[in-house]
file structure-v9.txt (compact mmCIF, C-alpha atoms)
# COMPACT_ATOMS: atom_id res chain seq x y z
CA MET A 261 0.00 0.00 0.00
CA ARG A 262 1.34 3.43 -0.94
CA ARG A 263 -0.07 6.75 0.22
CA ILE A 264 -0.41 9.18 -2.68
CA TRP A 265 -2.40 11.88 -0.87
CA PRO A 266 -1.96 13.57 1.56
CA THR A 267 1.85 14.11 1.69
CA GLY A 268 2.47 12.17 -1.53
CA GLY A 269 5.81 10.60 -2.25
CA GLY A 270 4.48 7.03 -2.45
CA GLU A 271 4.93 6.39 1.27
CA ASP A 272 4.46 2.72 2.17
CA LEU A 273 1.70 2.09 4.70
CA ASP A 274 1.70 -0.73 7.22
CA ARG A 275 -1.51 -1.87 8.93
CA GLU A 276 -1.21 0.67 11.76
CA ALA A 277 -0.55 3.59 9.42
CA LEU A 278 -3.45 2.53 7.21
CA ALA A 279 -5.73 2.39 10.26
CA ASP A 280 -4.64 5.89 11.26
CA LEU A 281 -5.37 7.16 7.76
CA TYR A 282 -8.86 5.59 7.74
CA ALA A 283 -9.73 6.47 11.37
CA HIS A 284 -13.51 6.46 11.74
CA PRO A 285 -14.75 9.26 14.03
CA PRO A 286 -17.91 8.86 16.12
CA GLY A 287 -21.04 10.20 14.45
CA CYS A 288 -19.72 9.52 10.94
CA VAL A 289 -21.74 7.67 8.30
CA ARG A 290 -19.16 6.23 5.89
CA VAL A 291 -20.18 4.59 2.60
CA ASN A 292 -17.87 2.05 0.95
CA PHE A 293 -18.09 0.94 -2.69
CA VAL A 294 -15.95 -0.62 -5.38
CA ALA A 295 -16.36 0.38 -9.04
CA SER A 296 -14.57 -0.31 -12.30
CA ALA A 297 -12.62 2.38 -14.12
CA ASP A 298 -15.64 2.90 -16.38
CA GLY A 299 -18.10 3.12 -13.48
CA ALA A 300 -19.60 -0.38 -13.23
CA VAL A 301 -20.51 -1.55 -9.73
CA ALA A 302 -20.85 -5.27 -10.44
CA VAL A 303 -19.90 -8.12 -12.73
CA ASP A 304 -22.62 -10.74 -13.23
CA GLY A 305 -24.63 -9.03 -10.53
CA VAL A 306 -22.06 -9.07 -7.72
CA SER A 307 -19.28 -6.71 -6.70
CA GLY A 308 -16.92 -9.64 -6.16
CA GLY A 309 -16.25 -9.69 -9.91
CA LEU A 310 -14.44 -6.36 -9.66
CA GLU A 311 -10.76 -7.00 -8.98
CA ALA A 312 -9.41 -3.98 -7.11
CA PRO A 313 -5.92 -4.69 -5.70
CA GLY A 314 -5.83 -3.98 -1.99
CA ASP A 315 -9.61 -3.60 -1.76
CA LYS A 316 -10.12 -6.64 0.48
CA GLU A 317 -7.51 -5.39 2.93
CA VAL A 318 -9.17 -1.97 3.18
CA PHE A 319 -12.64 -3.59 3.27
CA GLY A 320 -11.64 -5.60 6.33
CA LEU A 321 -10.04 -2.58 7.97
CA LEU A 322 -13.14 -0.41 7.47
CA ARG A 323 -15.25 -3.10 9.13
CA GLU A 324 -12.80 -3.33 12.01
CA LEU A 325 -12.99 0.43 12.59
CA ALA A 326 -16.81 0.64 12.41
CA ASP A 327 -19.34 0.18 15.20
CA VAL A 328 -21.87 -1.35 12.79
CA VAL A 329 -22.04 -2.51 9.15
CA LEU A 330 -25.19 -1.23 7.41
CA VAL A 331 -26.45 -2.94 4.26
CA GLY A 332 -29.62 -3.17 2.21
CA SER A 333 -31.45 -6.50 2.07
CA GLY A 334 -31.00 -6.85 -1.70
CA THR A 335 -27.25 -6.53 -1.41
CA ALA A 336 -27.18 -8.88 1.59
CA ARG A 337 -28.97 -11.56 -0.47
CA ALA A 338 -27.02 -11.04 -3.70
CA GLU A 339 -23.62 -11.02 -1.99
CA GLY A 340 -24.41 -13.86 0.45
CA TYR A 341 -23.80 -11.79 3.58
CA ARG A 342 -22.66 -13.46 6.79
CA GLY A 343 -21.50 -12.04 10.09
CA ALA A 344 -18.35 -9.91 10.15
CA ARG A 345 -15.18 -12.03 10.13
CA THR A 346 -13.02 -11.60 13.19
CA SER A 347 -9.80 -12.71 14.87
CA PRO A 348 -8.31 -12.37 18.36
CA ASP A 349 -6.06 -9.51 17.14
CA ARG A 350 -8.97 -7.61 15.60
CA GLU A 351 -11.07 -8.06 18.71
CA GLU A 352 -8.23 -6.84 20.92
CA ARG A 353 -7.74 -3.71 18.79
CA ARG A 354 -11.48 -2.99 18.90
CA ARG A 355 -11.59 -3.36 22.67
CA ALA A 356 -8.64 -0.96 22.96
CA ARG A 357 -10.73 1.63 21.07
CA GLY A 358 -13.67 1.07 23.42
CA GLN A 359 -15.71 -0.86 20.84
CA ALA A 360 -17.51 -4.18 21.01
CA PRO A 361 -15.29 -7.09 19.88
CA VAL A 362 -17.30 -7.69 16.69
CA PRO A 363 -19.44 -5.19 14.75
CA PRO A 364 -23.01 -6.33 14.09
CA ILE A 365 -24.56 -6.32 10.63
CA ALA A 366 -27.64 -4.08 10.35
CA VAL A 367 -29.88 -4.98 7.41
CA VAL A 368 -32.44 -2.54 6.02
CA SER A 369 -35.51 -4.44 4.78
CA THR A 370 -38.84 -2.68 4.38
CA HIS A 371 -40.90 -5.75 5.24
CA GLY A 372 -38.22 -7.79 7.02
CA GLU A 373 -38.49 -10.57 4.46
CA LEU A 374 -35.19 -12.30 5.17
CA ASP A 375 -34.30 -15.99 5.21
CA PRO A 376 -33.68 -17.10 8.82
CA ALA A 377 -31.61 -20.01 7.46
CA SER A 378 -29.17 -17.71 5.63
CA GLY A 379 -25.60 -17.15 6.79
CA LEU A 380 -26.59 -13.70 7.98
CA PHE A 381 -28.27 -15.42 10.95
CA THR A 382 -26.52 -18.81 11.12
CA ASP A 383 -22.88 -17.91 10.42
CA THR A 384 -22.19 -15.03 12.77
CA THR A 385 -20.88 -14.42 16.27
CA VAL A 386 -23.20 -11.42 16.76
CA ALA A 387 -26.91 -11.47 15.94
CA PRO A 388 -27.82 -8.91 13.28
CA LEU A 389 -30.13 -5.93 13.54
CA VAL A 390 -33.06 -5.93 11.12
CA LEU A 391 -34.28 -2.42 10.36
CA THR A 392 -37.80 -2.44 8.93
CA ALA A 393 -40.70 -0.17 8.16
CA ALA A 394 -43.18 0.07 11.03
CA VAL A 395 -45.80 -1.96 9.15
CA GLY A 396 -43.40 -4.86 8.65
CA ALA A 397 -41.87 -5.03 12.13
CA GLU A 398 -44.32 -7.42 13.79
CA GLY A 399 -44.25 -9.90 10.91
CA ALA A 400 -40.46 -9.78 10.87
CA ARG A 401 -40.30 -10.47 14.61
CA GLU A 402 -42.49 -13.55 14.16
CA ALA A 403 -40.49 -14.85 11.18
CA LEU A 404 -37.07 -14.21 12.74
CA GLY A 405 -37.92 -14.88 16.37
CA GLY A 406 -35.63 -17.89 16.63
CA THR A 407 -32.55 -16.19 15.20
CA GLY A 408 -31.73 -13.80 18.04
CA ALA A 409 -31.97 -10.83 15.66
CA GLU A 410 -33.34 -7.55 16.98
CA VAL A 411 -36.07 -6.14 14.73
CA VAL A 412 -36.21 -2.34 14.86
CA PRO A 413 -38.91 -0.21 13.14
CA VAL A 414 -37.29 2.78 11.45
CA SER A 415 -40.13 4.64 9.74
CA GLY A 416 -40.60 8.37 9.58
CA GLU A 417 -43.97 9.87 8.69
CA ASP A 418 -44.73 7.00 6.31
CA PRO A 419 -45.14 3.73 8.28
CA GLY A 420 -44.78 1.77 5.06
CA ALA A 421 -41.23 2.93 4.34
CA THR A 422 -37.88 3.08 6.09
CA ASP A 423 -36.44 6.51 6.85
CA PRO A 424 -32.68 7.31 6.72
CA ASP A 425 -32.87 9.69 9.68
CA ALA A 426 -34.66 7.05 11.74
CA ILE A 427 -32.07 4.44 10.70
CA VAL A 428 -29.15 6.56 11.89
CA ALA A 429 -31.01 7.51 15.08
CA ALA A 430 -31.85 3.87 15.90
CA LEU A 431 -28.21 2.87 15.51
CA ALA A 432 -27.01 5.81 17.61
CA ALA A 433 -29.49 4.88 20.35
CA ARG A 434 -27.64 1.56 20.60
CA GLY A 435 -24.23 3.25 20.78
CA LEU A 436 -23.48 2.50 17.12
CA THR A 437 -22.37 5.88 15.80
CA ARG A 438 -19.49 4.84 13.53
CA VAL A 439 -21.63 3.57 10.66
CA LEU A 440 -20.16 1.76 7.65
CA CYS A 441 -22.69 1.45 4.82
CA GLU A 442 -21.78 -1.17 2.22
CA GLY A 443 -24.70 -0.46 -0.09
CA GLY A 444 -26.47 -1.21 -2.20
CA PRO A 445 -27.01 1.72 -4.51
CA ALA A 446 -30.63 2.29 -3.39
CA LEU A 447 -29.66 2.54 0.28
CA PHE A 448 -26.77 4.85 -0.63
CA GLY A 449 -29.22 6.97 -2.63
CA ALA A 450 -31.65 7.22 0.28
CA LEU A 451 -28.90 8.26 2.69
CA LEU A 452 -27.57 10.77 0.18
CA ALA A 453 -31.00 12.31 -0.46
CA ALA A 454 -31.45 12.70 3.32
CA ASP A 455 -27.99 14.31 3.60
CA ARG A 456 -26.75 11.56 5.91
CA VAL A 457 -23.51 10.67 4.08
CA ASP A 458 -20.34 12.03 5.71
CA GLU A 459 -17.66 10.03 3.86
CA LEU A 460 -17.31 8.00 0.69
CA CYS A 461 -14.60 5.35 0.33
CA LEU A 462 -14.37 4.32 -3.31
CA SER A 463 -12.07 1.60 -4.63
CA LEU A 464 -11.35 1.90 -8.35
CA ALA A 465 -10.73 -1.45 -10.02
CA PRO A 466 -8.46 -1.35 -13.11
CA GLN A 467 -11.10 -2.99 -15.32
CA LEU A 468 -13.38 -1.95 -18.16
CA VAL A 469 -16.71 -3.73 -17.79
CA GLY A 470 -18.75 -2.02 -20.49
CA GLY A 471 -22.46 -1.20 -20.54
CA GLY A 472 -25.09 -2.72 -18.31
CA PRO A 473 -24.23 -2.42 -14.61
CA GLY A 474 -25.61 0.66 -12.86
CA ARG A 475 -24.00 3.38 -10.78
CA ILE A 476 -22.99 3.18 -7.13
CA VAL A 477 -26.06 5.27 -6.24
CA THR A 478 -29.67 5.11 -7.44
CA GLY A 479 -32.92 6.70 -6.39
CA PRO A 480 -33.89 10.32 -5.77
CA SER A 481 -31.31 13.02 -6.32
CA PRO A 482 -30.50 15.53 -3.57
CA ASP A 483 -31.74 19.08 -4.08
CA VAL A 484 -28.19 20.17 -4.93
CA PRO A 485 -25.02 18.14 -5.52
CA ARG A 486 -23.18 17.35 -2.27
CA GLN A 487 -19.74 18.90 -2.31
CA LEU A 488 -16.89 16.60 -1.21
CA GLY A 489 -13.25 17.14 -0.34
CA LEU A 490 -10.53 14.61 -1.13
CA ALA A 491 -9.26 13.14 2.17
CA SER A 492 -6.82 10.46 0.97
CA VAL A 493 -5.61 8.42 -1.99
CA VAL A 494 -3.96 5.05 -1.54
CA ALA A 495 -2.51 2.97 -4.37
CA HIS A 496 -1.99 -0.79 -4.40
CA GLY A 497 -0.81 -2.38 -7.60
CA ASP A 498 -2.95 -0.90 -10.35
CA GLY A 499 -5.87 -0.12 -8.03
CA LEU A 500 -6.72 3.17 -6.34
CA MET A 501 -8.60 3.69 -3.08
CA LEU A 502 -10.14 7.15 -2.82
CA ARG A 503 -11.65 8.64 0.32
CA TYR A 504 -13.82 11.75 0.25
CA ARG A 505 -15.31 13.76 3.12
CA ARG A 506 -18.27 16.10 2.91
CA ALA A 507 -17.10 19.67 2.63
call {"tool": "encode", "arguments": {"input": "structure-v9.txt", "output": "structure tokens"}}
result
Amino acid sequence: MRRIWPTGGGEDLDREALADLYAHPPGCVRVNFVASADGAVAVDGVSGGLEAPGDKEVFGLLRELADVVLVGSGTARAEGYRGARTSPDREERRRARGQAPVPPIAVVSTHGELDPASGLFTDTTVAPLVLTAAVGAEGAREALGGTGAEVVPVSGEDPGATDPDAIVAALAARGLTRVLCEGGPALFGALLAADRVDELCLSLAPQLVGGGPGRIVTGPSPDVPRQLGLASVVAHGDGLMLRYRRA
């Protein structure tokens, strides 16, 4: 890993220096995506087809630094989500920062229609949070009652929809203020439209995928474009990892 910005000079980064560079402050909603050089967000429907050198290392680090991993139900199903991977070293570093040993996965699902037999519930050391619309909460509790998952209604004025402000507030109420959102594009779009995105970490894969796959964000556009400032650039092989902060 080489730091290109700030300071430049191609400085090599070890794990500790990389963690310092990507420090996740409390109260920050950070969104993480990988995209090809021509803007594709998936190959054959999954992001795993995008080969961004160094991306997996940074992906694991971002999870380690977060209080909670936030993901939409569609992405959780398509990518085969399971609980966050851990190790004794990772858990020790998290405890030293005053965090729980393992970050939970929080899944946004309007009606809570999730498979209780999926790895999200069966292959994890920490039960997930399921964030649903108010109208879907009771049904989700009944369907997922044996999994240990906490079902949390996160509607605003519309009980049939989830609300980004309510999502962030529900996580904060549980002490989960360092939020890492891993998509998908619709959830990113909802957070962006509600002005709840503080940072964007974008890995650029040195691939040309061509037409078809969509953008990293879909849904309603904000009233005005959100201005960002470049916080860091890290290079690994032919891949680039860009980090932007809201201005």
call {"tool": "residues_around", "arguments": {"input": "structure-v9.txt", "residues": "segment 328-338 of chain A", "least_positions_apart": "2", "cutoff": "9 Å", "atoms": "all atoms listed in the file", "output": "mmCIF file with C-alpha atoms, in the coordinates of the input"}}
result
data_model
loop_
_atom_site.group_PDB
_atom_site.id
_atom_site.type_symbol
_atom_site.label_atom_id
_atom_site.label_comp_id
_atom_site.auth_asym_id
_atom_site.auth_seq_id
_atom_site.Cartn_x
_atom_site.Cartn_y
_atom_site.Cartn_z
ATOM 1 C CA GLY A 305 -24.630 -9.030 -10.530
ATOM 2 C CA VAL A 306 -22.060 -9.070 -7.720
ATOM 3 C CA ARG A 323 -15.250 -3.100 9.130
ATOM 4 C CA ALA A 326 -16.810 0.640 12.410
ATOM 5 C CA GLY A 340 -24.410 -13.860 0.450
ATOM 6 C CA TYR A 341 -23.800 -11.790 3.580
ATOM 7 C CA ARG A 342 -22.660 -13.460 6.790
ATOM 8 C CA ALA A 344 -18.350 -9.910 10.150
ATOM 9 C CA VAL A 362 -17.300 -7.690 16.690
ATOM 10 C CA PRO A 363 -19.440 -5.190 14.750
ATOM 11 C CA PRO A 364 -23.010 -6.330 14.090
ATOM 12 C CA ILE A 365 -24.560 -6.320 10.630
ATOM 13 C CA ALA A 366 -27.640 -4.080 10.350
ATOM 14 C CA VAL A 367 -29.880 -4.980 7.410
ATOM 15 C CA VAL A 368 -32.440 -2.540 6.020
ATOM 16 C CA SER A 369 -35.510 -4.440 4.780
ATOM 17 C CA THR A 370 -38.840 -2.680 4.380
ATOM 18 C CA GLY A 372 -38.220 -7.790 7.020
ATOM 19 C CA GLU A 373 -38.490 -10.570 4.460
ATOM 20 C CA LEU A 374 -35.190 -12.300 5.170
ATOM 21 C CA ASP A 375 -34.300 -15.990 5.210
ATOM 22 C CA SER A 378 -29.170 -17.710 5.630
ATOM 23 C CA LEU A 380 -26.590 -13.700 7.980
ATOM 24 C CA LEU A 431 -28.210 2.870 15.510
ATOM 25 C CA LEU A 436 -23.480 2.500 17.120
ATOM 26 C CA THR A 437 -22.370 5.880 15.800
ATOM 27 C CA ARG A 438 -19.490 4.840 13.530
ATOM 28 C CA VAL A 439 -21.630 3.570 10.660
ATOM 29 C CA LEU A 440 -20.160 1.760 7.650
ATOM 30 C CA CYS A 441 -22.690 1.450 4.820
ATOM 31 C CA GLU A 442 -21.780 -1.170 2.220
ATOM 32 C CA GLY A 443 -24.700 -0.460 -0.090
ATOM 33 C CA GLY A 444 -26.470 -1.210 -2.200
ATOM 34 C CA PRO A 445 -27.010 1.720 -4.510
ATOM 35 C CA ALA A 446 -30.630 2.290 -3.390
ATOM 36 C CA LEU A 447 -29.660 2.540 0.280
ATOM 37 C CA PHE A 448 -26.770 4.850 -0.630
#
call {"tool": "closest_residue", "arguments": {"input": "structure-v9.txt", "among": "A:Val301, A:Val390, A:Val318, A:Ala397", "to": "Leu281 of chain A", "atoms": "only C-alpha atoms"}}
result
A:Val318
call {"tool": "atom_distance", "arguments": {"input": "structure-v9.txt", "atom1": "atom CA of Glu398 of chain A", "atom2": "atom CA of Pro419 of chain A"}}
result
12.5 Å
call {"tool": "closest_residue", "arguments": {"input": "structure-v9.txt", "among": "A:Ala465, A:Gly420, A:Arg354, A:Gln359", "to": "His371 of chain A", "atoms": "only C-alpha atoms"}}
result
A:Gly420
call {"tool": "residues_around", "arguments": {"input": "structure-v9.txt", "residues": "Asp425 of chain A", "least_positions_apart": "3", "cutoff": "10 Å", "atoms": "only C-alpha atoms", "output": "VMD selection string"}}
result
chain A and resid 414 to 416 422 428 to 430 450 to 451 454 to 456
call {"tool": "write_last_selection", "arguments": {"input": "structure-v9.txt", "atoms": "C-alpha atoms", "output": "JSON list (two decimals), keeping the file's coordinate frame"}}
result
[["chain", "number", "residue", "atom", "x", "y", "z"],
["A", 414, "VAL", "CA", -37.29, 2.78, 11.45],
["A", 415, "SER", "CA", -40.13, 4.64, 9.74],
["A", 416, "GLY", "CA", -40.60, 8.37, 9.58],
["A", 422, "THR", "CA", -37.88, 3.08, 6.09],
["A", 428, "VAL", "CA", -29.15, 6.56, 11.89],
["A", 429, "ALA", "CA", -31.01, 7.51, 15.08],
["A", 430, "ALA", "CA", -31.85, 3.87, 15.90],
["A", 450, "ALA", "CA", -31.65, 7.22, 0.28],
["A", 451, "LEU", "CA", -28.90, 8.26, 2.69],
["A", 454, "ALA", "CA", -31.45, 12.70, 3.32],
["A", 455, "ASP", "CA", -27.99, 14.31, 3.60],
["A", 456, "ARG", "CA", -26.75, 11.56, 5.91]]
call {"tool": "axis_aligned_box", "arguments": {"input": "structure-v9.txt", "around": "segment 341-357 of chain A", "padding_each_side": "5 Å", "output": "JSON"}}
result
{"center_x": -14.9, "center_y": -5.9, "center_z": 13.3, "size_x": 27.7, "size_y": 25.1, "size_z": 29.4}
call {"tool": "residues_near_point", "arguments": {"input": "structure-v9.txt", "point": "(-14.3, -6.7, -6.4)", "cutoff": "9 Å", "atoms": "only C-alpha atoms", "output": "PyMOL selection string"}}
result
chain A and resi 294-296+301-303+306-313+315-316+463+465
call {"tool": "residues_near_point", "arguments": {"input": "structure-v9.txt", "point": "(-1.6, -1.1, -8.4)", "cutoff": "9 Å", "atoms": "only C-alpha atoms", "output": "list in words"}}
result
Met261, Ala312, Pro313, Gly314, Pro466, Ala495, His496, Gly497, Asp498, Gly499 and Leu500 of chain A
call {"tool": "atom_distance", "arguments": {"input": "structure-v9.txt", "atom1": "atom CA of Thr407 of chain A", "atom2": "atom CA of Ala377 of chain A"}}
result
8.7 Å
call {"tool": "atom_distance", "arguments": {"input": "structure-v9.txt", "atom1": "atom CA of Thr346 of chain A", "atom2": "atom CA of Arg290 of chain A"}}
result
20.2 Å
call {"tool": "closest_residue", "arguments": {"input": "structure-v9.txt", "among": "A:Ala300, A:Leu389, A:Met501, A:Leu404", "to": "Ile427 of chain A", "atoms": "all atoms listed in the file"}}
result
A:Leu389
call {"tool": "closest_residue", "arguments": {"input": "structure-v9.txt", "among": "A:Leu502, A:Glu351, A:Thr384, A:Val494", "to": "Leu273 of chain A", "atoms": "only C-alpha atoms"}}
result
A:Val494
call {"tool": "closest_residue", "arguments": {"input": "structure-v9.txt", "among": "A:Leu462, A:Val411, A:Ala421, A:Ala507", "to": "Ala393 of chain A", "atoms": "all atoms listed in the file"}}
result
A:Ala421
